[in-house]
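Okay, protein02.cif now, which holds mmCIF, C-alpha atoms:
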data_entry
#
loop_
_atom_site.label_atom_id
_atom_site.label_comp_id
_atom_site.auth_asym_id
_atom_site.auth_seq_id
_atom_site.Cartn_x
_atom_site.Cartn_y
_atom_site.Cartn_z
CA MET A 1 171.03 54.11 288.14
CA HIS A 2 169.12 56.35 285.75
CA LYS A 3 170.19 57.02 282.18
CA ILE A 4 169.69 60.49 280.77
CA MET A 5 170.21 61.67 277.20
CA ILE A 6 170.68 65.36 276.40
CA VAL A 7 170.57 66.77 272.87
CA ASP A 8 171.60 70.32 271.93
CA ASP A 9 173.39 71.66 268.87
CA GLU A 10 175.62 73.87 271.07
CA GLU A 11 178.57 71.98 272.56
CA ASN A 12 179.08 74.47 275.40
CA ILE A 13 175.54 73.95 276.60
CA LEU A 14 176.00 70.17 276.65
CA LYS A 15 179.22 70.59 278.61
CA ALA A 16 177.52 72.87 281.14
CA LEU A 17 174.53 70.56 281.57
CA LYS A 18 176.75 67.51 281.99
CA ARG A 19 178.70 69.35 284.65
CA THR A 20 175.50 70.40 286.46
CA LEU A 21 174.09 66.86 286.46
CA ARG A 22 177.36 65.38 287.78
CA ILE A 23 175.98 66.28 291.20
CA ASN A 24 173.95 63.06 291.27
CA LYS A 25 176.10 59.95 291.11
CA ASN A 26 173.06 57.83 290.18
CA TRP A 27 172.67 59.59 286.86
CA THR A 28 174.55 58.53 283.74
CA VAL A 29 174.42 61.35 281.20
CA THR A 30 174.96 60.87 277.46
CA THR A 31 175.10 63.95 275.24
CA PHE A 32 174.69 64.53 271.52
CA ASN A 33 174.92 67.66 269.45
CA HIS A 34 173.26 66.02 266.44
CA ALA A 35 169.68 64.84 266.82
CA GLU A 36 170.08 62.11 264.19
CA GLU A 37 172.98 60.51 266.04
CA ALA A 38 170.96 60.75 269.22
CA LEU A 39 168.01 58.99 267.58
CA HIS A 40 170.29 56.25 266.31
CA CYS A 41 171.55 55.74 269.87
CA ALA A 42 167.99 55.70 271.22
CA MET A 43 167.14 52.86 268.82
CA ASN A 44 169.66 50.61 270.52
CA ASN A 45 169.93 51.89 274.07
CA GLU A 46 167.31 52.41 276.72
CA PHE A 47 167.10 55.74 278.52
CA ASP A 48 164.95 56.92 281.40
CA LEU A 49 164.90 60.58 280.40
CA PHE A 50 165.42 62.58 277.20
CA ILE A 51 166.19 66.29 277.39
CA SER A 52 166.29 68.21 274.15
CA ASP A 53 166.78 71.74 272.95
CA TYR A 54 163.92 72.99 270.81
CA ARG A 55 165.66 74.93 268.06
CA MET A 56 168.18 72.71 266.28
CA PRO A 57 169.29 72.44 262.65
CA GLU A 58 167.83 69.56 260.57
CA ILE A 59 165.39 68.32 263.20
CA ASP A 60 163.80 70.33 265.96
CA GLY A 61 163.33 69.22 269.56
CA VAL A 62 159.61 68.45 269.20
CA ASP A 63 160.21 66.17 266.20
CA PHE A 64 163.11 64.52 267.98
CA LEU A 65 161.10 63.87 271.15
CA THR A 66 158.10 62.69 269.14
CA ALA A 67 160.34 60.12 267.43
CA VAL A 68 161.83 59.12 270.76
CA LYS A 69 158.34 58.71 272.22
CA LYS A 70 157.64 56.04 269.59
CA LEU A 71 160.93 54.27 270.29
CA GLN A 72 160.78 54.42 274.07
CA PRO A 73 157.27 55.36 275.20
CA ASP A 74 158.09 54.79 278.87
CA ALA A 75 160.91 57.35 278.94
CA ILE A 76 160.19 60.87 280.16
CA ARG A 77 160.72 63.83 277.81
CA ILE A 78 161.76 67.39 278.66
CA ILE A 79 162.38 70.38 276.42
CA LEU A 80 164.97 72.90 277.48
CA SER A 81 164.84 75.98 275.29
CA GLY A 82 165.36 79.70 275.10
CA TYR A 83 162.58 79.90 272.56
CA THR A 84 159.05 80.18 273.94
CA GLU A 85 156.79 80.61 270.93
CA LEU A 86 153.27 79.31 271.53
CA ASP A 87 153.44 77.00 268.49
CA ALA A 88 156.56 75.39 269.90
CA LEU A 89 154.90 74.88 273.26
CA MET A 90 151.78 73.40 271.68
CA GLY A 91 153.81 71.00 269.57
CA ALA A 92 155.85 69.97 272.55
CA ILE A 93 152.83 69.26 274.69
CA ASN A 94 150.49 67.79 272.08
CA HIS A 95 152.87 65.74 269.91
CA ALA A 96 155.88 65.02 272.02
CA GLU A 97 153.83 64.77 275.23
CA ILE A 98 156.57 66.35 277.27
CA PHE A 99 156.78 66.31 281.02
CA ARG A 100 158.14 69.86 281.29
CA PHE A 101 159.18 72.79 279.10
CA ILE A 102 162.06 74.60 280.82
CA THR A 103 163.26 77.96 279.55
CA LYS A 104 166.93 78.82 279.19
CA PRO A 105 168.91 80.22 280.88
CA CYS A 106 167.62 77.95 283.60
CA ASP A 107 168.28 77.93 287.26
CA GLU A 108 170.47 74.89 287.97
CA GLU A 109 168.60 73.96 291.13
CA LEU A 110 165.30 74.11 289.26
CA LEU A 111 166.70 71.88 286.52
CA ILE A 112 167.98 69.29 288.99
CA HIS A 113 164.70 69.34 290.91
CA THR A 114 162.73 68.90 287.67
CA ILE A 115 164.90 65.96 286.63
CA GLU A 116 164.45 64.36 290.06
CA GLN A 117 160.68 64.75 289.72
CA ALA A 118 160.74 63.36 286.18
CA LEU A 119 162.73 60.28 287.20
CA ALA A 120 160.55 59.70 290.27
CA TYR A 121 157.50 59.92 288.01
CA LYS A 122 159.09 57.44 285.62
CA ASP A 123 159.79 55.03 288.47
CA ILE A 124 156.15 55.25 289.56
CA LEU A 125 154.95 54.60 286.01
CA VAL A 126 157.24 51.58 285.71
CA GLU A 127 156.13 50.26 289.10
CA ASN A 128 152.47 50.77 288.18
CA LYS A 129 153.00 48.93 284.94
CA GLN A 130 154.69 46.05 286.74
CA LEU A 131 151.93 45.89 289.33
CA ALA A 132 149.27 46.01 286.62
CA ASP A 133 151.05 43.18 284.79
CA GLN A 134 151.22 41.23 288.03
CA VAL A 135 147.52 41.73 288.68
CA ARG A 136 146.70 40.67 285.11
CA GLN A 137 148.79 37.51 285.46
CA GLN A 138 147.20 36.66 288.77
CA GLN A 139 143.78 37.28 287.33
CA LYS A 140 144.58 34.94 284.46
CA LYS A 141 145.73 32.33 286.92
CA LEU A 142 142.55 32.71 288.96
CA GLU A 143 140.39 32.45 285.83
CA LYS A 144 142.17 29.24 284.89
CA GLN A 145 141.71 27.79 288.34
CA LYS A 146 138.06 28.77 288.32
CA GLN A 147 137.63 27.09 284.96
CA GLN A 148 139.30 23.92 286.25
CA LEU A 149 137.07 23.98 289.32
CA ASN A 150 133.93 24.31 287.17
CA GLU A 151 135.03 21.41 284.99
CA TYR A 152 135.69 19.28 288.03
CA GLU A 153 132.31 20.15 289.49
CA LYS A 154 130.59 19.10 286.27
CA GLN A 155 132.40 15.79 286.30
CA HIS A 156 132.04 15.16 290.03
CA PRO A 157 129.09 17.17 291.33
CA ASP A 158 128.80 15.23 294.57
CA LEU A 159 132.46 15.65 295.50
CA LEU A 160 132.23 19.38 295.73
CA HIS A 161 128.73 19.55 297.15
CA VAL A 162 128.51 19.57 300.96
CA ASP A 163 125.35 18.55 302.89
CA TRP A 164 125.09 20.41 306.15
CA ALA A 165 122.90 19.15 309.03
CA GLU A 166 121.04 21.57 311.28
CA ASP A 167 123.50 21.08 314.08
CA GLY A 168 126.40 22.09 311.78
CA THR A 169 127.70 18.61 311.10
CA ILE A 170 128.38 17.38 307.57
CA ILE A 171 126.14 14.63 306.24
CA LEU A 172 128.27 12.17 304.35
CA ASP A 173 125.47 9.88 303.18
CA SER A 174 122.03 11.55 302.85
CA GLN A 175 120.40 8.17 302.64
CA LEU A 176 121.43 7.49 306.23
CA LYS A 177 119.48 10.52 307.49
CA MET B 1 187.96 112.70 274.65
CA ASN B 2 189.60 109.57 273.28
CA ASN B 3 187.22 107.12 271.70
CA LEU B 4 187.88 103.50 271.02
CA ASP B 5 186.36 101.84 267.95
CA ILE B 6 185.54 98.19 267.48
CA GLN B 7 183.62 96.91 264.46
CA TYR B 8 181.92 93.58 264.08
CA PHE B 9 181.20 92.32 260.56
CA PHE B 10 179.08 89.26 259.87
CA GLN B 11 178.87 87.37 256.57
CA PHE B 12 176.24 84.64 256.30
CA ASP B 13 175.99 81.62 253.95
CA ASN B 14 173.57 83.46 251.67
CA ASN B 15 176.13 86.31 251.30
CA GLU B 16 174.04 88.58 253.51
CA GLN B 17 176.32 90.96 255.41
CA LEU B 18 175.74 92.83 258.62
CA ALA B 19 177.95 95.42 260.24
CA TYR B 20 177.87 96.51 263.87
CA PRO B 21 180.18 99.41 264.72
CA LEU B 22 180.80 100.23 268.37
CA GLN B 23 182.40 103.31 269.85
CA PHE B 24 183.52 103.57 273.46
CA ASN B 25 184.59 106.34 275.77
CA GLU B 26 188.07 104.93 276.35
CA LYS B 27 188.53 106.41 279.81
CA LYS B 28 185.26 105.07 281.23
CA MET B 29 185.10 102.14 278.79
CA GLU B 30 181.42 102.86 278.28
CA LEU B 31 179.58 102.37 275.02
CA ILE B 32 178.64 105.58 273.28
CA SER B 33 175.17 104.85 272.03
CA LEU B 34 172.68 106.82 269.99
CA LYS B 35 169.79 108.13 272.01
CA GLU B 36 166.56 106.44 270.91
CA ASN B 37 163.46 108.63 270.77
CA VAL B 38 161.07 105.93 271.83
CA LEU B 39 162.23 103.22 274.17
CA PRO B 40 160.43 99.87 274.07
CA LYS B 41 158.73 98.57 277.21
CA TRP B 42 161.26 95.78 277.67
CA THR B 43 163.93 98.40 278.42
CA ASP B 44 162.01 99.89 281.37
CA LEU B 45 164.06 99.55 284.53
CA GLU B 46 161.10 98.03 286.34
CA PHE B 47 160.49 95.43 283.60
CA HIS B 48 161.95 92.33 285.29
CA GLN B 49 164.38 94.51 287.19
CA CYS B 50 167.35 92.55 288.53
CA GLN B 51 166.70 91.64 292.15
CA HIS B 52 170.05 93.18 293.15
CA CYS B 53 169.68 96.33 291.08
CA PRO B 54 170.82 99.36 293.09
CA LEU B 55 169.28 101.88 290.69
CA ASP B 56 166.30 103.96 291.81
CA SER B 57 163.40 103.52 289.37
CA SER B 58 161.94 106.85 290.48
CA LYS B 59 165.04 108.53 289.10
CA ILE B 60 166.12 106.20 286.31
CA LYS B 61 163.39 105.07 283.96
CA SER B 62 165.36 102.67 281.75
CA CYS B 63 167.72 99.80 282.38
CA PRO B 64 171.13 100.96 281.09
CA VAL B 65 172.06 97.51 279.79
CA ALA B 66 168.73 96.90 278.04
CA THR B 67 168.86 100.30 276.37
CA ASN B 68 172.23 99.45 274.85
CA LEU B 69 170.71 96.26 273.47
CA ILE B 70 168.14 98.03 271.27
CA PRO B 71 170.46 98.23 268.21
CA PHE B 72 171.53 94.63 268.91
CA ILE B 73 167.92 93.47 268.69
CA LYS B 74 167.40 95.50 265.53
CA LEU B 75 170.41 93.71 264.05
CA CYS B 76 169.77 90.12 265.02
CA GLY B 77 166.23 89.87 266.35
CA ASP B 78 165.09 87.94 263.28
CA LEU B 79 168.02 85.58 262.90
CA ASN B 80 168.02 81.97 263.94
CA SER B 81 170.76 80.88 266.25
CA TYR B 82 172.39 78.01 264.41
CA LYS B 83 172.85 79.81 261.08
CA SER B 84 176.47 79.59 259.96
CA VAL B 85 178.43 82.87 259.83
CA ASP B 86 181.94 84.25 259.22
CA VAL B 87 182.89 87.02 261.63
CA GLU B 88 185.48 89.75 261.29
CA VAL B 89 186.23 92.05 264.20
CA ARG B 90 188.32 95.14 263.61
CA THR B 91 190.02 96.97 266.44
CA SER B 92 192.63 99.70 266.21
CA GLU B 93 195.33 97.07 266.82
CA ARG B 94 194.30 94.19 264.61
CA ILE B 95 191.67 92.26 262.70
CA TYR B 96 190.25 89.04 264.05
CA SER B 97 188.75 86.64 261.54
CA ILE B 98 186.64 83.70 262.63
CA LYS B 99 185.31 81.43 259.93
CA ASN B 100 182.27 79.22 260.02
CA THR B 101 180.91 79.71 263.49
CA THR B 102 177.26 79.86 264.54
CA THR B 103 175.18 83.01 264.83
CA GLN B 104 174.62 82.41 268.52
CA ARG B 105 178.35 82.22 269.24
CA ALA B 106 179.14 85.27 267.16
CA PHE B 107 176.41 87.36 268.73
CA SER B 108 177.28 86.09 272.18
CA SER B 109 180.71 87.69 271.80
CA LEU B 110 179.17 90.98 270.67
CA LEU B 111 176.57 90.85 273.43
CA GLY B 112 179.27 90.35 276.05
CA LEU B 113 181.05 93.46 274.84
CA ILE B 114 177.86 95.55 274.84
CA ILE B 115 176.84 94.42 278.33
CA ALA B 116 180.34 94.90 279.75
CA SER B 117 180.49 98.46 278.49
CA SER B 118 177.06 99.49 279.82
CA PRO B 119 176.74 101.86 282.80
CA CYS B 120 175.40 99.16 285.13
CA PRO B 121 177.08 98.82 288.54
CA HIS B 122 177.18 95.00 288.25
CA VAL B 123 179.24 94.99 285.07
CA ASN B 124 181.97 97.42 286.09
CA PHE B 125 184.42 94.58 286.72
CA PHE B 126 184.22 93.63 283.04
CA LYS B 127 185.21 97.02 281.66
CA PRO B 128 188.97 96.39 281.69
CA MET B 129 188.32 93.11 279.88
CA ALA B 130 186.15 94.95 277.37
CA ARG B 131 189.04 97.35 276.78
CA PHE B 132 191.14 94.36 275.70
CA HIS B 133 188.27 92.55 274.05
CA ILE B 134 189.00 89.18 272.47
CA PRO B 135 186.19 88.19 270.12
CA LEU B 136 184.76 84.69 270.57
CA ALA B 137 187.12 83.89 273.40
CA ASN B 138 186.61 80.31 274.55
CA ASP B 139 185.89 79.33 278.16
CA LYS B 140 189.57 78.79 279.09
CA GLU B 141 190.60 82.12 277.56
CA THR B 142 187.76 83.89 279.35
CA LEU B 143 188.69 82.27 282.63
CA TYR B 144 192.34 83.21 282.24
CA ARG B 145 191.44 86.81 281.45
CA ALA B 146 188.88 87.10 284.24
CA ILE B 147 191.22 85.71 286.89
CA GLY B 148 194.11 87.77 285.57
CA SER B 149 192.03 90.94 285.61
CA TYR B 150 190.72 90.21 289.10
CA LEU B 151 194.23 89.65 290.48
CA LEU B 152 195.40 92.84 288.80
CA MET B 153 192.53 94.57 290.60
CA GLN B 154 193.89 93.13 293.88
CA TYR B 155 197.30 94.56 293.04
CA PHE B 156 195.84 98.06 292.69
CA LYS B 157 193.84 97.58 295.87
CA ALA B 158 197.01 96.61 297.75
CA LYS B 159 198.72 99.71 296.40
CA SER B 160 195.98 101.83 297.93
CA SER B 161 196.13 99.85 301.20
CA GLN B 162 192.76 98.14 300.75
CA THR B 163 192.01 94.56 301.80
CA ILE B 164 192.79 92.15 299.02
CA ASP B 165 191.30 88.80 298.09
CA LEU B 166 193.61 86.14 296.71
CA GLU B 167 191.08 83.35 297.29
CA LEU B 168 189.00 84.73 294.40
CA GLU B 169 185.83 84.72 296.50
CA GLY B 170 185.04 88.20 295.22
CA LEU B 171 185.35 86.97 291.63
CA LYS B 172 182.85 84.20 292.25
CA GLN B 173 180.43 86.77 293.67
CA ILE B 174 180.92 89.03 290.65
CA TYR B 175 179.97 86.16 288.37
CA LYS B 176 177.00 85.19 290.55
CA ASP B 177 175.82 88.78 290.26
CA ILE B 178 176.26 88.83 286.49
CA GLN B 179 174.13 85.70 286.18
CA ILE B 180 171.25 87.68 287.67
CA VAL B 181 171.83 90.38 285.06
CA ASN B 182 171.95 87.73 282.34
CA SER B 183 168.64 86.24 283.51
CA SER B 184 166.95 89.61 283.39
CA MET B 185 168.42 90.34 279.96
CA ALA B 186 167.20 86.96 278.74
CA ILE B 187 163.62 87.83 279.70
CA ARG B 188 163.95 91.24 278.06
CA LEU B 189 165.46 89.77 274.88
CA ARG B 190 162.78 87.11 274.75
CA GLU B 191 160.20 89.88 274.86
CA ALA B 192 162.00 91.86 272.18
CA GLY B 193 163.24 89.24 269.72
CA ARG B 194 161.30 87.53 266.94
CA ASN B 195 163.69 84.63 266.57
CA ASP B 196 166.04 82.77 268.87
CA ALA B 197 169.49 84.22 268.08
CA PRO B 198 169.35 86.98 270.75
CA ILE B 199 168.19 84.59 273.47
CA ASN B 200 170.67 81.89 272.62
CA SER B 201 173.45 84.47 272.59
CA ILE B 202 172.78 85.45 276.17
CA ILE B 203 172.43 81.81 277.15
CA LEU B 204 175.94 81.14 275.87
CA LEU B 205 177.26 84.18 277.68
CA ASP B 206 175.60 82.97 280.86
CA LEU B 207 177.31 79.59 280.49
CA PHE B 208 180.69 81.25 280.95
CA ALA B 209 179.45 82.95 284.08
CA LYS B 210 178.18 79.63 285.44
CA GLU B 211 181.42 77.89 284.48
CA ILE B 212 183.42 80.34 286.52
CA THR B 213 181.23 80.25 289.63
CA TYR B 214 180.88 76.48 289.46
CA SER B 215 184.34 75.26 288.65
CA ILE B 216 186.88 77.98 289.25
CA ASP B 217 189.00 75.66 291.39
CA GLU B 218 188.94 72.93 288.76
CA ALA B 219 189.79 75.46 286.08
CA LEU B 220 192.72 76.77 288.10
CA GLN B 221 194.07 73.25 288.39
CA GLU B 222 193.90 72.96 284.61
CA LEU B 223 195.98 76.11 284.22
CA GLU B 224 198.54 75.19 286.87
CA TYR B 225 200.80 73.33 284.41
CA LEU B 226 201.56 76.61 282.66
CA TYR B 227 203.27 77.92 285.78
CA LYS B 228 204.99 74.76 286.91
CA ASN B 229 208.40 75.79 285.61
CA LEU B 230 208.07 79.30 287.00
CA ILE B 231 207.41 78.40 290.62
CA ASN B 232 208.30 75.56 292.96
CA ILE B 233 205.42 73.13 292.81
CA THR B 234 205.88 69.86 294.73
#

Would you mind giving the structure from this file in structure tokens?
Amino acid sequence: MHKIMIVDDEENILKALKRTLRINKNWTVTTFNHAEEALHCAMNNEFDLFISDYRMPEIDGVDFLTAVKKLQPDAIRIILSGYTELDALMGAINHAEIFRFITKPCDEELLIHTIEQALAYKDILVENKQLADQVRQQQKKLEKQKQQLNEYEKQHPDLLHVDWAEDGTIILDSQLK
Amino acid sequence: MNNLDIQYFFQFDNNEQLAYPLQFNEKKMELISLKENVLPKWTDLEFHQCQHCPLDSSKIKSCPVATNLIPFIKLCGDLNSYKSVDVEVRTSERIYSIKNTTTQRAFSSLLGLIIASSPCPHVNFFKPMARFHIPLANDKETLYRAIGSYLLMQYFKAKSSQTIDLELEGLKQIYKDIQIVNSSMAIRLREAGRNDAPINSIILLDLFAKEITYSIDEALQELEYLYKNLINIT
């Protein structure tokens, strides 16, 4: 189950987006028409994807997504906006590090496809992080074992040293050679 | 010729006032607009022409809907969409007063009226609704009016022995077609506007179109209770 938050100051747009995203039963969609309330929710609840309008009163979409990036860096961020000024785009990409900037009115199929890609990307990032953590833990374990082995070798050099004869047999007592 | 007048008045928080008078040829329900000497590029028919546009660009240079939007852009091209506004709409019958709405909602209503009364083949269905324009109608009101108007159209078709459609499939197609017009207008308005009010107005308008194509059956179920006592529903 993926959790998606959508923020837009226009209630009708939130209603329409919620209805569009109903198509996927694995998505839980939470909507806000005030960015501050949305931020407050993001402080206490984890989301996989944040979708925000750009032009909103009090706090714009780039500032909102930049704040959300600090709270939940693993979540994916998308801007959905009718406004396509270059400054807005630059802010969105450089500060909020968004996954996509989608212009409104947007094709519903395109929106759904973009969300699917975003969530698949998020799943890959999470899996990569888990695998990287796993590798790090295993590496730590191996380092520890190596350390223990070295210590043991220092204390008991003969125990770990093997004398091989020419015929491939192991010489247990070199004095008996 | 009988003309119909509708006037939109906007009053913003900072006491700034804007007026937008509209005059229509009542018989054709088409907007009577002033001819502009120089038409901007974004009004060219071939500029993001709707994929289903039946007009011949070798004969018609400008998009009839876009041309009617020139004064609209002059009015609201610099406004931001979430600015608070009081709207008054005067028709010959009455005055509508809507307090404390957003610029995008107010202009969405005006935009709908301008588009509906343009000489574009894909908006002809909306002309009767434009004749009985209700400013800032909500989604349920719009749905009720659209379905009512469509069924009235079927009545007149039956009277002239044409095939009628009571399944509303034709209505869904009309709204699919208008979404294409809305998309093209959005690109044109984005090109023309300096701020986001024009774009957000068409986005809101487009939401109604999507609502109808997407959930007409659901919406009909929500209206059914109004007719329960009038018909036998088991």

Near-Ile73 (chain B) list (9 Å; only C-alpha atoms; drop same-chain fewer than 5 positions) as a short mmCIF file (atom, residue, chain, number, x, y, z; two decimals) with C-alpha atoms, keeping the file's coordinate frame:
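New file result.cif:
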data_model
loop_
_atom_site.label_atom_id
_atom_site.label_comp_id
_atom_site.auth_asym_id
_atom_site.auth_seq_id
_atom_site.Cartn_x
_atom_site.Cartn_y
_atom_site.Cartn_z
CA ASP B 78 165.09 87.94 263.28
CA LEU B 189 165.46 89.77 274.88
CA ALA B 192 162.00 91.86 272.18
CA GLY B 193 163.24 89.24 269.72
CA PRO B 198 169.35 86.98 270.75
#

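Minimum atom-to-atom distance to Ala67 (chain A), evaluated using all atoms listed in the file, belongs to A:Leu39 out of A:Leu39, A:Leu172, A:Val126, A:Met5.
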
Residues of chain A that approach chain B to 6 Å or less, counting only C-alpha atoms: could you list each one with the shortest pair of atoms and its distance in Å to one decimal, rows by chain and increasing residue number, as JSON lines?
{"residue": "A:Gly82", "atom": "CA", "partner": "B:Ile199", "partner_atom": "CA", "distance": 5.9}
{"residue": "A:Tyr83", "atom": "CA", "partner": "B:Asp196", "partner_atom": "CA", "distance": 5.8}
{"residue": "A:Pro105", "atom": "CA", "partner": "B:Ile203", "partner_atom": "CA", "distance": 5.4}

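Proximity ranking of A:Val162, A:Ile112, A:Ala132, A:Met56 relative to Ile23 (chain A) places A:Ile112 first, based on only C-alpha atoms.
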
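With all atoms listed in the file taken into account, the protein and nucleic acid residues at most 8 Å from Thr84 (chain A) (excluding it and anything under 4 positions from it in its own chain) are Ala88, Leu89 and Thr103 of chain A; Arg190 of chain B.
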
Top pick for closest residue to Lys41 (chain B), considering B:Thr67, B:Gln173, B:Ser118, B:Asn25 and counting all atoms listed in the file: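 That would be B:Thr67, the residue with the smallest distance to Lys41 (chain B).
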
task: Just say which residues the PyMOL selection byres ((chain A and resi 41) around 12) picks in this file, as JSON, numbers by chain.
output: {"A": [5, 6, 7, 30, 31, 32, 34, 35, 36, 37, 38, 39, 40, 42, 43, 44, 45, 46, 47, 50, 68, 71, 72]}

Chain and number of each residue from the PyMOL selection byres ((chain A and resi 98-101) around 7), as a PyMOL selection string: chain A and resi 76-80+92-93+96-97+102-103

- request: Could you tell me which of B:Pro64, B:Gly112, B:Pro21, B:Pro121 comes closest to Ala209 (chain B) if we count all atoms listed in the file?
  value: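 Closest to Ala209 (chain B) of all the choices is B:Gly112.
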
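What separates CA of Asp5 (chain B) from CA of Thr91 (chain B) is a distance of 6.3 Å.
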
message: Between CA of Asn14 (chain B) and CA of Ser97 (chain B), what distance in Å does the model show, to one decimal?
response: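 Rounded to one decimal, the two atoms are 18.4 Å apart.
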